[in-house]
Amino acid sequence: MVSSELEKMRAGHWYSCIDPELEALRDRARKAVHAHNTMAPQERGNMAPALKQLMASVGNDVYLEAPFHCAYGMNIILGNQVYFNAGCTILDTARVSIGDSSMFGPAVQIYCAEHHKEPEKRAAGLEIAKPVTIGRNVWIGGGAIILPGIAIGDNAIVGSGSVVTRNVVAGATVVGNPARQIEPN
């Protein structure tokens, strides 16, 4: 039986994000993110140890430019040679899996939380977490937004400023708001 808000979040059920246990987990992530974002450039390796330990899994040669932000960290899986440019955000209320050799331009945002459509329930903090899966060798252009529940296939390209509202098939290039597939040149 699912009882705590954390268990509901992990199970993909409606949960209240206004919860002391979830707040404590977000606070832990804020501290790890702060440690990463305030590292001196000459100390910067792949990422701050506190942030790396927070994440579910981190491959080799991963680089997160500062500033970086995540909600929990514990739901993020990064493959080998993943690169995030400055200003990226991952709101990881659900699993976010990113394949090897994927690259993210500046200010890319990945969202997993979908808030309730009914105003009273939304005001009570009800949301549902939907996973985001990004394949291998994907390029996400600067300022793109990936919405909850999206899967992006291997070798796909998401153009700068695009809002991805539907799954992207392997090898496709999508652009715009909402993102739509374009034909190769």
# chains A, B, ... in the order shown; residues from 1 in each chain; ligands from 1
>>> select_by_dssp(residues="stretch 18-77 of chain A", states="helix (DSSP H, G or I)", output="PDB file with C-alpha atoms, in the first residue's frame")
ATOM      1  CA  PRO A  20       7.871  17.729   5.126  1.00  0.00           C
ATOM      2  CA  GLU A  21       9.636  14.598   3.825  1.00  0.00           C
ATOM      3  CA  LEU A  22       9.697  15.908   0.258  1.00  0.00           C
ATOM      4  CA  GLU A  23      10.812  19.341   1.464  1.00  0.00           C
ATOM      5  CA  ALA A  24      13.733  17.712   3.319  1.00  0.00           C
ATOM      6  CA  LEU A  25      14.749  15.891   0.124  1.00  0.00           C
ATOM      7  CA  ARG A  26      14.534  19.130  -1.903  1.00  0.00           C
ATOM      8  CA  ASP A  27      16.617  20.889   0.761  1.00  0.00           C
ATOM      9  CA  ARG A  28      19.283  18.171   0.479  1.00  0.00           C
ATOM     10  CA  ALA A  29      19.309  18.730  -3.298  1.00  0.00           C
ATOM     11  CA  ARG A  30      19.555  22.527  -2.872  1.00  0.00           C
ATOM     12  CA  LYS A  31      22.659  22.074  -0.709  1.00  0.00           C
ATOM     13  CA  ALA A  32      24.304  19.731  -3.231  1.00  0.00           C
ATOM     14  CA  VAL A  33      23.419  22.070  -6.123  1.00  0.00           C
ATOM     15  CA  HIS A  34      24.829  25.026  -4.186  1.00  0.00           C
ATOM     16  CA  ALA A  35      28.080  23.120  -3.590  1.00  0.00           C
ATOM     17  CA  HIS A  36      28.316  22.411  -7.312  1.00  0.00           C
ATOM     18  CA  ASN A  37      27.427  25.912  -8.454  1.00  0.00           C
ATOM     19  CA  PRO A  49      30.950  15.249  -5.067  1.00  0.00           C
ATOM     20  CA  ALA A  50      27.780  16.089  -3.095  1.00  0.00           C
ATOM     21  CA  LEU A  51      25.787  16.420  -6.314  1.00  0.00           C
ATOM     22  CA  LYS A  52      27.271  13.275  -7.854  1.00  0.00           C
ATOM     23  CA  GLN A  53      26.420  11.270  -4.718  1.00  0.00           C
ATOM     24  CA  LEU A  54      22.874  12.616  -4.748  1.00  0.00           C
TER      25      LEU A  54
END
>>> closest_atom_pairs(of="stretch 90-122 of chain A", to="stretch 67-81 of chain A", cutoff="10 Å", atoms="only C-alpha atoms", output="CSV")
residue,atom,partner,partner_atom,distance
A:Ile90,CA,A:Cys70,CA,4.6
A:Leu91,CA,A:Ala71,CA,4.8
A:Asp92,CA,A:Ala71,CA,5.7
A:Thr93,CA,A:Tyr72,CA,6.9
A:Ala94,CA,A:Asn75,CA,6.0
A:Arg95,CA,A:Asn75,CA,4.6
A:Val96,CA,A:Ile76,CA,4.9
A:Ser97,CA,A:Ile77,CA,4.7
A:Ile98,CA,A:Leu78,CA,5.0
A:Gly99,CA,A:Gly79,CA,4.8
A:Asp100,CA,A:Gly79,CA,4.4
A:Ser101,CA,A:Gln81,CA,4.8
A:Ser102,CA,A:Gln81,CA,7.2
A:Met103,CA,A:Gln81,CA,8.5
A:Pro106,CA,A:Pro67,CA,9.8
A:Ala107,CA,A:Phe68,CA,9.0
A:Gln109,CA,A:His69,CA,9.5
A:Ile110,CA,A:Cys70,CA,9.3
A:Tyr111,CA,A:Ala71,CA,9.8
>>> closest_atom_pairs(of="stretch 50-165 of chain A", to="stretch 9-14 of chain A", cutoff="10 Å", atoms="only C-alpha atoms", output="tab-separated table")
residue	atom	partner	partner_atom	distance
A:Asn75	CA	A:Arg10	CA	9.3
A:Thr93	CA	A:Met9	CA	7.0
A:Ala94	CA	A:Arg10	CA	6.6
A:Arg95	CA	A:Arg10	CA	8.5
A:Ala113	CA	A:Met9	CA	9.5
A:Glu114	CA	A:Trp14	CA	9.5
A:His115	CA	A:Trp14	CA	9.1
A:His116	CA	A:Trp14	CA	8.5
A:Gly125	CA	A:Trp14	CA	9.7
A:Leu126	CA	A:Trp14	CA	6.2
A:Glu127	CA	A:Trp14	CA	5.5
A:Ile128	CA	A:Trp14	CA	4.7
A:Ala129	CA	A:Gly12	CA	5.5
A:Lys130	CA	A:Gly12	CA	6.6
A:Pro131	CA	A:Gly12	CA	8.8
>>> write_last_selection(atoms="N, CA and C atoms", output="short mmCIF file (atom, residue, chain, number, x, y, z; two decimals), in the first residue's frame")
data_model
loop_
_atom_site.label_atom_id
_atom_site.label_comp_id
_atom_site.auth_asym_id
_atom_site.auth_seq_id
_atom_site.Cartn_x
_atom_site.Cartn_y
_atom_site.Cartn_z
N ASN A 75 16.53 11.11 -8.67
CA ASN A 75 15.82 10.47 -9.77
C ASN A 75 16.53 10.62 -11.11
N THR A 93 10.91 15.00 -10.36
CA THR A 93 9.99 14.34 -9.44
C THR A 93 9.81 12.88 -9.84
N ALA A 94 10.13 12.54 -11.07
CA ALA A 94 10.13 11.17 -11.57
C ALA A 94 11.51 10.90 -12.17
N ARG A 95 11.71 9.68 -12.61
CA ARG A 95 12.99 9.26 -13.19
C ARG A 95 13.27 10.08 -14.45
N ALA A 113 7.02 17.04 -13.28
CA ALA A 113 5.79 17.27 -12.51
C ALA A 113 4.71 17.90 -13.38
N GLU A 114 3.52 17.33 -13.27
CA GLU A 114 2.36 17.90 -13.91
C GLU A 114 1.38 18.26 -12.80
N HIS A 115 1.01 19.52 -12.71
CA HIS A 115 0.14 19.98 -11.64
C HIS A 115 -1.32 19.68 -11.97
N HIS A 116 -2.12 19.58 -10.94
CA HIS A 116 -3.53 19.24 -11.12
C HIS A 116 -4.25 20.36 -11.87
N GLY A 125 -1.32 21.64 -3.63
CA GLY A 125 -0.01 21.07 -3.96
C GLY A 125 -0.08 19.74 -4.67
N LEU A 126 -1.24 19.35 -5.20
CA LEU A 126 -1.34 18.06 -5.87
C LEU A 126 -0.67 18.11 -7.24
N GLU A 127 0.19 17.13 -7.47
CA GLU A 127 0.85 16.95 -8.75
C GLU A 127 1.09 15.47 -8.97
N ILE A 128 1.44 15.13 -10.21
CA ILE A 128 1.76 13.76 -10.57
C ILE A 128 3.10 13.80 -11.30
N ALA A 129 3.94 12.80 -11.05
CA ALA A 129 5.27 12.76 -11.63
C ALA A 129 5.29 11.80 -12.82
N LYS A 130 5.80 12.28 -13.96
CA LYS A 130 5.89 11.46 -15.17
C LYS A 130 7.35 11.44 -15.64
N PRO A 131 7.90 10.25 -15.87
CA PRO A 131 9.31 10.13 -16.24
C PRO A 131 9.64 10.73 -17.60
#
>>> closest_residue(among="A:Val163, A:Met55, A:Met47, A:Ala179", to="A:Ile145", atoms="only C-alpha atoms")
A:Val163
>>> atom_distance(atom1="atom CA of A:Trp139", atom2="atom CA of A:Gly59")
17.5 Å
>>> atom_distance(atom1="atom CA of A:Asp19", atom2="atom CA of A:Ala124")
10.5 Å
>>> select_by_dssp(residues="stretch 2-185 of chain A", states="strand (DSSP E or B)", output="VMD selection string")
chain A and resid 15 to 16 57 to 58 63 to 64 68 to 70 76 to 78 83 to 84 88 to 91 96 to 98 103 to 104 109 to 111 113 to 115 126 to 129 132 to 134 139 to 140 145 to 146 151 to 152 157 to 158 163 to 164 168 173 to 175 180 to 182
>>> residues_around(residues="A:Gly161", least_positions_apart="6", cutoff="10 Å", atoms="only C-alpha atoms", output="JSON, numbers by chain")
{"A": [107, 108, 140, 141, 142, 143, 144, 145, 175, 176, 177, 178, 179]}
>>> closest_residue(among="A:Ala86, A:Ile18, A:Val132, A:Arg166", to="A:Leu6", atoms="only C-alpha atoms")
A:Ile18
>>> closest_residue(among="A:Ala48, A:Cys112, A:Val82, A:Ala170", to="A:Asn60", atoms="only C-alpha atoms")
A:Val82
>>> atom_distance(atom1="atom CA of A:Arg136", atom2="atom CA of A:Ala172")
12.9 Å
